[in-house]
>>> print(open('my_file08.tsv').read())   # TSV, C-alpha atoms
chain	number	residue	atom	x	y	z
A	1	MET	CA	0.00	0.00	0.00
A	2	LEU	CA	1.08	3.55	-0.62
A	3	SER	CA	2.07	4.89	2.74
A	4	PRO	CA	2.15	8.30	4.45
A	5	MET	CA	4.30	6.79	7.21
A	6	CYS	CA	7.60	8.18	8.39
A	7	PHE	CA	10.85	6.41	9.10
A	8	TYR	CA	12.14	7.33	12.59
A	9	HIS	CA	11.58	11.06	11.92
A	10	PRO	CA	8.60	13.15	10.68
A	11	ARG	CA	10.57	14.32	7.65
A	12	TRP	CA	11.99	10.93	6.68
A	13	PRO	CA	9.41	9.41	4.30
A	14	VAL	CA	8.42	5.82	3.71
A	15	PHE	CA	7.41	5.83	0.04
A	16	PHE	CA	5.88	2.36	-0.10
A	17	GLU	CA	5.38	-0.71	2.05
A	18	ASP	CA	3.59	-3.99	1.53
A	19	ASN	CA	4.36	-7.64	2.28
A	20	HIS	CA	6.94	-7.80	-0.50
A	21	LEU	CA	8.57	-4.36	-0.83
A	22	LEU	CA	9.81	-1.43	1.21
A	23	ALA	CA	10.81	1.88	-0.38
A	24	LEU	CA	12.59	4.55	1.66
A	25	PHE	CA	14.36	7.86	1.31
A	26	LYS	CA	18.12	7.50	1.60
A	27	PRO	CA	19.74	10.73	2.81
A	28	ALA	CA	23.21	11.72	1.70
A	29	GLY	CA	25.94	10.70	4.12
A	30	LEU	CA	24.29	7.40	5.08
A	31	LEU	CA	25.60	4.12	3.74
A	32	ALA	CA	23.12	1.99	1.82
A	33	GLN	CA	24.79	-1.17	3.11
A	34	GLY	CA	27.26	-1.74	5.93
A	35	ASP	CA	31.00	-1.81	5.30
A	36	ARG	CA	34.20	-2.38	7.29
A	37	SER	CA	33.83	0.98	9.04
A	38	GLY	CA	30.89	-0.32	11.07
A	39	ALA	CA	29.01	2.92	10.33
A	40	VAL	CA	25.21	2.97	10.46
A	41	CYS	CA	23.56	1.96	7.18
A	42	LEU	CA	20.05	2.23	5.78
A	43	LEU	CA	19.68	-1.52	5.36
A	44	GLU	CA	20.15	-2.23	9.07
A	45	LEU	CA	18.05	0.76	10.13
A	46	ALA	CA	15.27	-0.57	7.91
A	47	LYS	CA	15.50	-4.05	9.40
A	48	GLY	CA	15.22	-2.58	12.89
A	49	TRP	CA	12.26	-0.42	11.85
A	50	LEU	CA	10.41	-3.41	10.37
A	51	ARG	CA	11.21	-5.54	13.40
A	52	LYS	CA	9.67	-2.98	15.72
A	53	ARG	CA	6.74	-2.03	13.46
A	54	HIS	CA	5.63	-5.63	12.96
A	55	ALA	CA	6.71	-6.91	16.40
A	56	LYS	CA	8.98	-9.56	14.95
A	57	PRO	CA	10.91	-11.40	17.67
A	58	GLY	CA	13.62	-12.89	15.44
A	59	ARG	CA	15.48	-12.09	12.28
A	60	VAL	CA	14.00	-9.80	9.65
A	61	PHE	CA	14.72	-10.53	6.01
A	62	LEU	CA	15.38	-7.51	3.83
A	63	GLY	CA	17.03	-7.88	0.46
A	64	LEU	CA	19.32	-5.21	-1.00
A	65	VAL	CA	18.65	-5.19	-4.76
A	66	HIS	CA	20.39	-1.93	-5.70
A	67	ARG	CA	22.63	0.71	-4.12
A	68	LEU	CA	23.24	4.44	-3.96
A	69	ASP	CA	26.64	5.96	-3.24
A	70	ARG	CA	27.03	7.29	0.28
A	71	PRO	CA	27.00	11.02	-0.72
A	72	VAL	CA	23.92	10.53	-2.96
A	73	ALA	CA	20.32	10.90	-1.75
A	74	GLY	CA	17.09	9.54	-3.18
A	75	VAL	CA	14.64	6.68	-3.35
A	76	MET	CA	15.80	3.17	-2.47
A	77	LEU	CA	13.82	-0.01	-2.88
A	78	PHE	CA	14.25	-3.14	-0.74
A	79	ALA	CA	12.75	-6.62	-1.03
A	80	ARG	CA	10.94	-8.04	2.00
A	81	THR	CA	10.90	-11.62	0.74
A	82	SER	CA	13.43	-13.80	-1.05
A	83	LYS	CA	10.96	-14.24	-3.92
A	84	ALA	CA	10.66	-10.48	-4.35
A	85	ALA	CA	14.46	-10.10	-4.16
A	86	ALA	CA	14.99	-12.69	-6.90
A	87	ARG	CA	12.38	-11.17	-9.19
A	88	LEU	CA	13.62	-7.61	-8.71
A	89	SER	CA	17.22	-8.70	-9.25
A	90	ALA	CA	16.15	-10.32	-12.51
A	91	GLN	CA	14.54	-7.04	-13.60
A	92	PHE	CA	17.76	-5.17	-12.86
A	93	ARG	CA	19.81	-7.73	-14.82
A	94	CYS	CA	17.47	-7.50	-17.79
A	95	GLY	CA	17.45	-3.70	-17.73
A	96	THR	CA	13.67	-3.40	-17.47
A	97	ILE	CA	13.74	-1.23	-14.36
A	98	GLN	CA	13.62	2.48	-15.16
A	99	LYS	CA	15.63	4.87	-12.99
A	100	THR	CA	15.68	8.64	-13.28
A	101	TYR	CA	18.10	11.00	-11.54
A	102	LEU	CA	18.38	14.75	-11.20
A	103	ALA	CA	21.87	16.21	-11.33
A	104	VAL	CA	23.11	19.76	-10.90
A	105	VAL	CA	26.34	19.99	-12.88
A	106	GLU	CA	29.02	22.56	-13.49
A	107	GLY	CA	28.76	24.42	-16.80
A	108	THR	CA	26.35	23.68	-19.64
A	109	PRO	CA	26.38	20.53	-21.80
A	110	ALA	CA	27.40	21.00	-25.41
A	111	GLN	CA	24.07	19.47	-26.48
A	112	PRO	CA	20.73	19.87	-24.67
A	113	ASN	CA	20.04	16.14	-25.06
A	114	GLY	CA	22.59	13.41	-25.33
A	115	HIS	CA	23.50	9.76	-25.09
A	116	LEU	CA	26.83	8.93	-23.45
A	117	TYR	CA	28.57	5.64	-24.17
A	118	ASP	CA	31.86	4.83	-22.45
A	119	HIS	CA	34.00	1.99	-21.16
A	120	ILE	CA	34.59	2.10	-17.39
A	121	GLU	CA	37.24	0.31	-15.40
A	122	ARG	CA	37.32	0.11	-11.63
A	123	GLN	CA	40.50	1.49	-10.06
A	124	GLY	CA	40.58	1.03	-6.28
A	125	LEU	CA	37.73	2.99	-4.72
A	126	SER	CA	37.24	5.05	-7.88
A	127	CYS	CA	36.67	4.32	-11.54
A	128	ARG	CA	38.06	5.66	-14.80
A	129	ILE	CA	36.98	5.89	-18.41
A	130	LEU	CA	39.15	4.17	-21.00
A	131	SER	CA	39.66	5.19	-24.59
A	132	GLU	CA	39.26	1.54	-25.66
A	133	PRO	CA	37.65	-1.47	-23.96
A	134	THR	CA	39.82	-3.97	-22.11
A	135	GLY	CA	39.24	-7.31	-20.48
A	136	HIS	CA	38.51	-5.55	-17.20
A	137	SER	CA	36.31	-2.70	-18.46
A	138	ARG	CA	32.53	-2.64	-18.75
A	139	GLU	CA	30.37	-0.56	-21.03
A	140	ALA	CA	28.34	2.26	-19.49
A	141	ARG	CA	25.41	3.99	-21.19
A	142	LEU	CA	23.15	6.83	-20.10
A	143	GLN	CA	20.85	9.43	-21.56
A	144	TYR	CA	20.52	12.98	-20.28
A	145	ARG	CA	18.24	15.94	-20.92
A	146	LEU	CA	18.95	19.57	-20.08
A	147	ILE	CA	16.13	20.99	-17.96
A	148	ASP	CA	17.55	24.43	-17.16
A	149	SER	CA	20.84	26.31	-17.06
A	150	THR	CA	22.34	29.47	-15.63
A	151	GLY	CA	25.51	29.11	-17.65
A	152	GLU	CA	27.64	28.37	-14.60
A	153	ARG	CA	25.45	25.45	-13.56
A	154	SER	CA	22.84	23.27	-15.23
A	155	LEU	CA	20.04	20.97	-14.08
A	156	LEU	CA	19.92	17.65	-15.91
A	157	GLN	CA	17.56	14.70	-15.94
A	158	VAL	CA	19.62	11.54	-16.28
A	159	ALA	CA	18.48	8.03	-17.18
A	160	PRO	CA	21.19	5.37	-16.84
A	161	GLU	CA	20.84	2.38	-19.12
A	162	THR	CA	23.45	0.34	-17.26
A	163	GLY	CA	24.27	0.15	-13.55
A	164	ARG	CA	28.00	0.63	-13.25
A	165	ARG	CA	29.78	1.89	-10.16
A	166	HIS	CA	29.98	5.72	-10.14
A	167	GLN	CA	28.65	5.68	-13.70
A	168	ILE	CA	26.66	8.92	-13.73
A	169	ARG	CA	29.33	10.82	-11.82
A	170	LEU	CA	32.14	9.64	-14.05
A	171	GLN	CA	30.39	9.94	-17.41
A	172	LEU	CA	29.08	13.46	-16.80
A	173	SER	CA	32.51	14.57	-15.61
A	174	HIS	CA	34.18	13.00	-18.64
A	175	ALA	CA	31.72	14.89	-20.87
A	176	GLY	CA	32.87	18.16	-19.24
A	177	ASN	CA	30.12	18.66	-16.67
A	178	ALA	CA	31.12	17.38	-13.24
A	179	ILE	CA	28.33	17.03	-10.68
A	180	VAL	CA	28.37	19.91	-8.20
A	181	GLY	CA	30.22	18.83	-5.06
A	182	ASP	CA	31.86	15.79	-6.66
A	183	VAL	CA	35.52	16.68	-6.10
A	184	ARG	CA	36.54	13.05	-6.70
A	185	TYR	CA	35.53	13.43	-10.33
A	186	GLY	CA	36.52	16.98	-11.11
A	187	ALA	CA	34.15	19.36	-9.32
A	188	VAL	CA	35.69	22.70	-8.33
A	189	SER	CA	34.78	22.46	-4.63
A	190	PRO	CA	32.81	20.28	-2.20
A	191	LEU	CA	29.38	21.15	-0.86
A	192	LYS	CA	29.02	22.08	2.80
A	193	ASP	CA	28.16	18.59	4.05
A	194	ARG	CA	30.16	16.70	1.40
A	195	GLN	CA	27.03	15.53	-0.38
A	196	LEU	CA	26.66	15.44	-4.17
A	197	ALA	CA	24.04	17.32	-6.18
A	198	LEU	CA	22.75	14.00	-7.51
A	199	LEU	CA	19.30	12.73	-6.55
A	200	ALA	CA	17.74	9.35	-7.31
A	201	ARG	CA	14.45	10.97	-8.24
A	202	GLU	CA	12.35	8.08	-9.49
A	203	ILE	CA	12.34	4.33	-9.95
A	204	THR	CA	9.75	2.25	-11.81
A	205	VAL	CA	9.59	-1.52	-11.37
A	206	MET	CA	7.14	-4.31	-12.07
A	207	HIS	CA	5.70	-5.37	-8.73
A	208	PRO	CA	7.09	-8.86	-8.08
A	209	THR	CA	3.72	-10.47	-7.27
A	210	LEU	CA	1.01	-8.11	-8.56
A	211	LYS	CA	2.74	-7.83	-11.98
A	212	THR	CA	1.72	-4.17	-12.25
A	213	PRO	CA	4.05	-1.18	-12.71
A	214	LEU	CA	5.07	0.59	-9.50
A	215	ARG	CA	6.54	4.09	-9.79
A	216	LEU	CA	8.20	5.65	-6.75
A	217	THR	CA	9.18	9.32	-6.71
A	218	CYS	CA	11.42	11.13	-4.24
A	219	PRO	CA	10.67	14.75	-3.30
A	220	LEU	CA	13.45	17.30	-3.62
A	221	PRO	CA	15.33	17.44	-0.32
A	222	ALA	CA	15.69	20.63	1.72
A	223	GLY	CA	18.64	22.64	0.45
A	224	TRP	CA	18.66	21.09	-3.04
A	225	PRO	CA	20.80	23.56	-5.07
A	226	TRP	CA	18.24	24.42	-7.73
A	227	PRO	CA	15.10	26.52	-7.25
A	228	ALA	CA	11.85	24.61	-7.55
A	229	ALA	CA	8.18	25.03	-6.76
A	230	PRO	CA	7.14	23.72	-3.33
A	231	GLU	CA	6.00	20.11	-3.37
A	232	LYS	CA	2.96	18.66	-1.64
A	233	VAL	CA	4.95	16.78	1.00
A	234	PRO	CA	7.46	18.28	3.49
A	235	ALA	CA	10.96	18.16	2.09
A	236	PRO	CA	13.15	15.55	3.76
A	237	PHE	CA	16.51	16.63	5.10
A	238	TRP	CA	19.21	16.19	2.48
A	239	ASN	CA	21.80	14.80	4.90
A	240	TYR	CA	21.67	12.11	7.55
A	241	ASP	CA	23.43	14.39	10.05
A	242	ASP	CA	20.53	16.84	9.75
A	243	PHE	CA	18.15	14.17	11.05
A	244	LEU	CA	20.48	13.63	13.99
A	245	ARG	CA	20.73	17.37	14.67
A	246	ASP	CA	16.94	17.64	14.53
A	247	GLY	CA	16.47	15.10	17.29
A	248	GLY	CA	16.32	11.90	15.29
A	249	ARG	CA	16.76	8.84	17.50
A	250	PHE	CA	17.96	5.73	15.76
A	251	PRO	CA	18.60	2.37	17.45
A	252	PRO	CA	22.15	1.03	17.27
A	253	PRO	CA	22.71	-2.04	15.12
A	254	VAL	CA	22.14	-5.23	17.09
A	255	TRP	CA	25.78	-6.28	16.74
A	256	LEU	CA	26.77	-3.11	18.62
A	257	THR	CA	24.28	-3.67	21.43
A	258	PRO	CA	26.00	-5.21	24.51
A	259	GLY	CA	24.61	-8.63	25.40
A	260	SER	CA	22.36	-8.90	22.36
A	261	THR	CA	21.93	-12.26	20.65
A	262	ALA	CA	18.99	-11.55	18.36
A	263	GLY	CA	19.76	-10.76	14.74
A	264	ILE	CA	18.06	-7.91	12.95
>>> encode(input="my_file08.tsv", output="structure tokens")
Amino acid sequence: MLSPMCFYHPRWPVFFEDNHLLALFKPAGLLAQGDRSGAVCLLELAKGWLRKRHAKPGRVFLGLVHRLDRPVAGVMLFARTSKAAARLSAQFRCGTIQKTYLAVVEGTPAQPNGHLYDHIERQGLSCRILSEPTGHSREARLQYRLIDSTGERSLLQVAPETGRRHQIRLQLSHAGNAIVGDVRYGAVSPLKDRQLALLAREITVMHPTLKTPLRLTCPLPAGWPWPAAPEKVPAPFWNYDDFLRDGGRFPPPVWLTPGSTAGI
């Protein structure tokens, strides 16, 4: 069911929840999935939220079927059953899931609409574009459309056709228009809270059991660096730290809770 519920904080929206799916806003600065740092991640927060909401005494299954980079905000979709996870993963592999991003970039693209095709190779924590494909590179494709421009900055709608690591960031930078705040890939300077002006605006999937299209749209977060008309719902905070500063209270992961034996 479409849900007006909030996730731990009045300005942290739950976009959708039913027995098979959970869609949440991921703020910038929050990991999508845990890593070696042990930092809080959206996946574990979501498991804890479901466990409390549905009074589940044991483990909660939640499948991660796609990711967003830590400094990127937007809509994220999780699978609540293994069947849903398998069917969504198959949609991602087949390229039938539609994803749309908004990006504020430096400068103005040479063409108002374009299709970028590159070969990307992973290099440590970053990636690079190669002039020719190699045995380690993977093709990356995206389409973009210029929405507005001031000359110094432009607002783009971006639709990736492949799901490569750092793809949008790297391809736009290689084309001469680095995403605002993305100093790793050529931006002039970072934004105040180290976030990127890249928003996962919309995702459309085929519901894994109902077999009907499901479109999920993320509102523009507070502080988004492009003027826009007010939206019907309160703007979520752009950064995870803003939820903390505004009194957000989030439970620690179970593995950090002394004496705990229950898995989330």
>>> residues_around(input="my_file08.tsv", residues="region 9-24 of chain A", least_positions_apart="5", cutoff="9 Å", atoms="only C-alpha atoms", output="ChimeraX atom specification")
/A:1-4,42,46,62,74-85,207-209,216-218,234-237,243,246-249
>>> atom_distance(input="my_file08.tsv", atom1="CA of Leu155 (chain A)", atom2="CA of Thr108 (chain A)")
8.8 Å
>>> atom_distance(input="my_file08.tsv", atom1="CA of Leu196 (chain A)", atom2="CA of Pro71 (chain A)")
5.6 Å
>>> residues_around(input="my_file08.tsv", residues="Tyr101 (chain A)", least_positions_apart="2", cutoff="7 Å", atoms="all atoms listed in the file", output="number ranges by chain")
A: 99, 103, 157-159, 198-202
>>> atom_distance(input="my_file08.tsv", atom1="CA of Arg138 (chain A)", atom2="CA of Pro190 (chain A)")
28.3 Å
>>> residues_around(input="my_file08.tsv", residues="Ala228 (chain A)", least_positions_apart="4", cutoff="12 Å", atoms="all atoms listed in the file", output="list in words")
Ile147, Asp148, Leu155, Pro219, Leu220, Pro221, Ala222, Gly223, Trp224 and Ala235 of chain A
>>> residues_near_point(input="my_file08.tsv", point="(16.2, 0.1, 11.0)", cutoff="12 Å", atoms="all atoms listed in the file", output="PyMOL selection string")
chain A and resi 7-9+22+24+32-33+40-53+60-62+249-254+264
>>> closest_residue(input="my_file08.tsv", among="A:Gly151, A:Ala73, A:Glu139, A:Ala90", to="Gly29 (chain A)", atoms="all atoms listed in the file")
A:Ala73
>>> residues_near_point(input="my_file08.tsv", point="(29.5, 19.5, 7.1)", cutoff="12 Å", atoms="only C-alpha atoms", output="number ranges by chain")
A: 28-29, 71, 190-195, 238-242, 245
>>> residues_around(input="my_file08.tsv", residues="Leu130 (chain A)", least_positions_apart="2", cutoff="9 Å", atoms="all atoms listed in the file", output="list in words")
Asp118, His119, Ile120, Glu121, Arg128, Glu132, Pro133, Thr134 and Ser137 of chain A
>>> closest_residue(input="my_file08.tsv", among="A:Ile129, A:Ala175, A:Leu156, A:Val105", to="Ala197 (chain A)", atoms="only C-alpha atoms")
A:Val105
>>> closest_residue(input="my_file08.tsv", among="A:Leu102, A:Met206, A:Ala140, A:Ala39", to="Leu170 (chain A)", atoms="only C-alpha atoms")
A:Ala140
>>> closest_residue(input="my_file08.tsv", among="A:Gly163, A:Ala86, A:Arg153, A:Gly176", to="Pro225 (chain A)", atoms="all atoms listed in the file")
A:Arg153
>>> residues_around(input="my_file08.tsv", residues="Ser89 (chain A)", least_positions_apart="5", cutoff="9 Å", atoms="only C-alpha atoms", output="ChimeraX atom specification")
/A:65-66,84,94
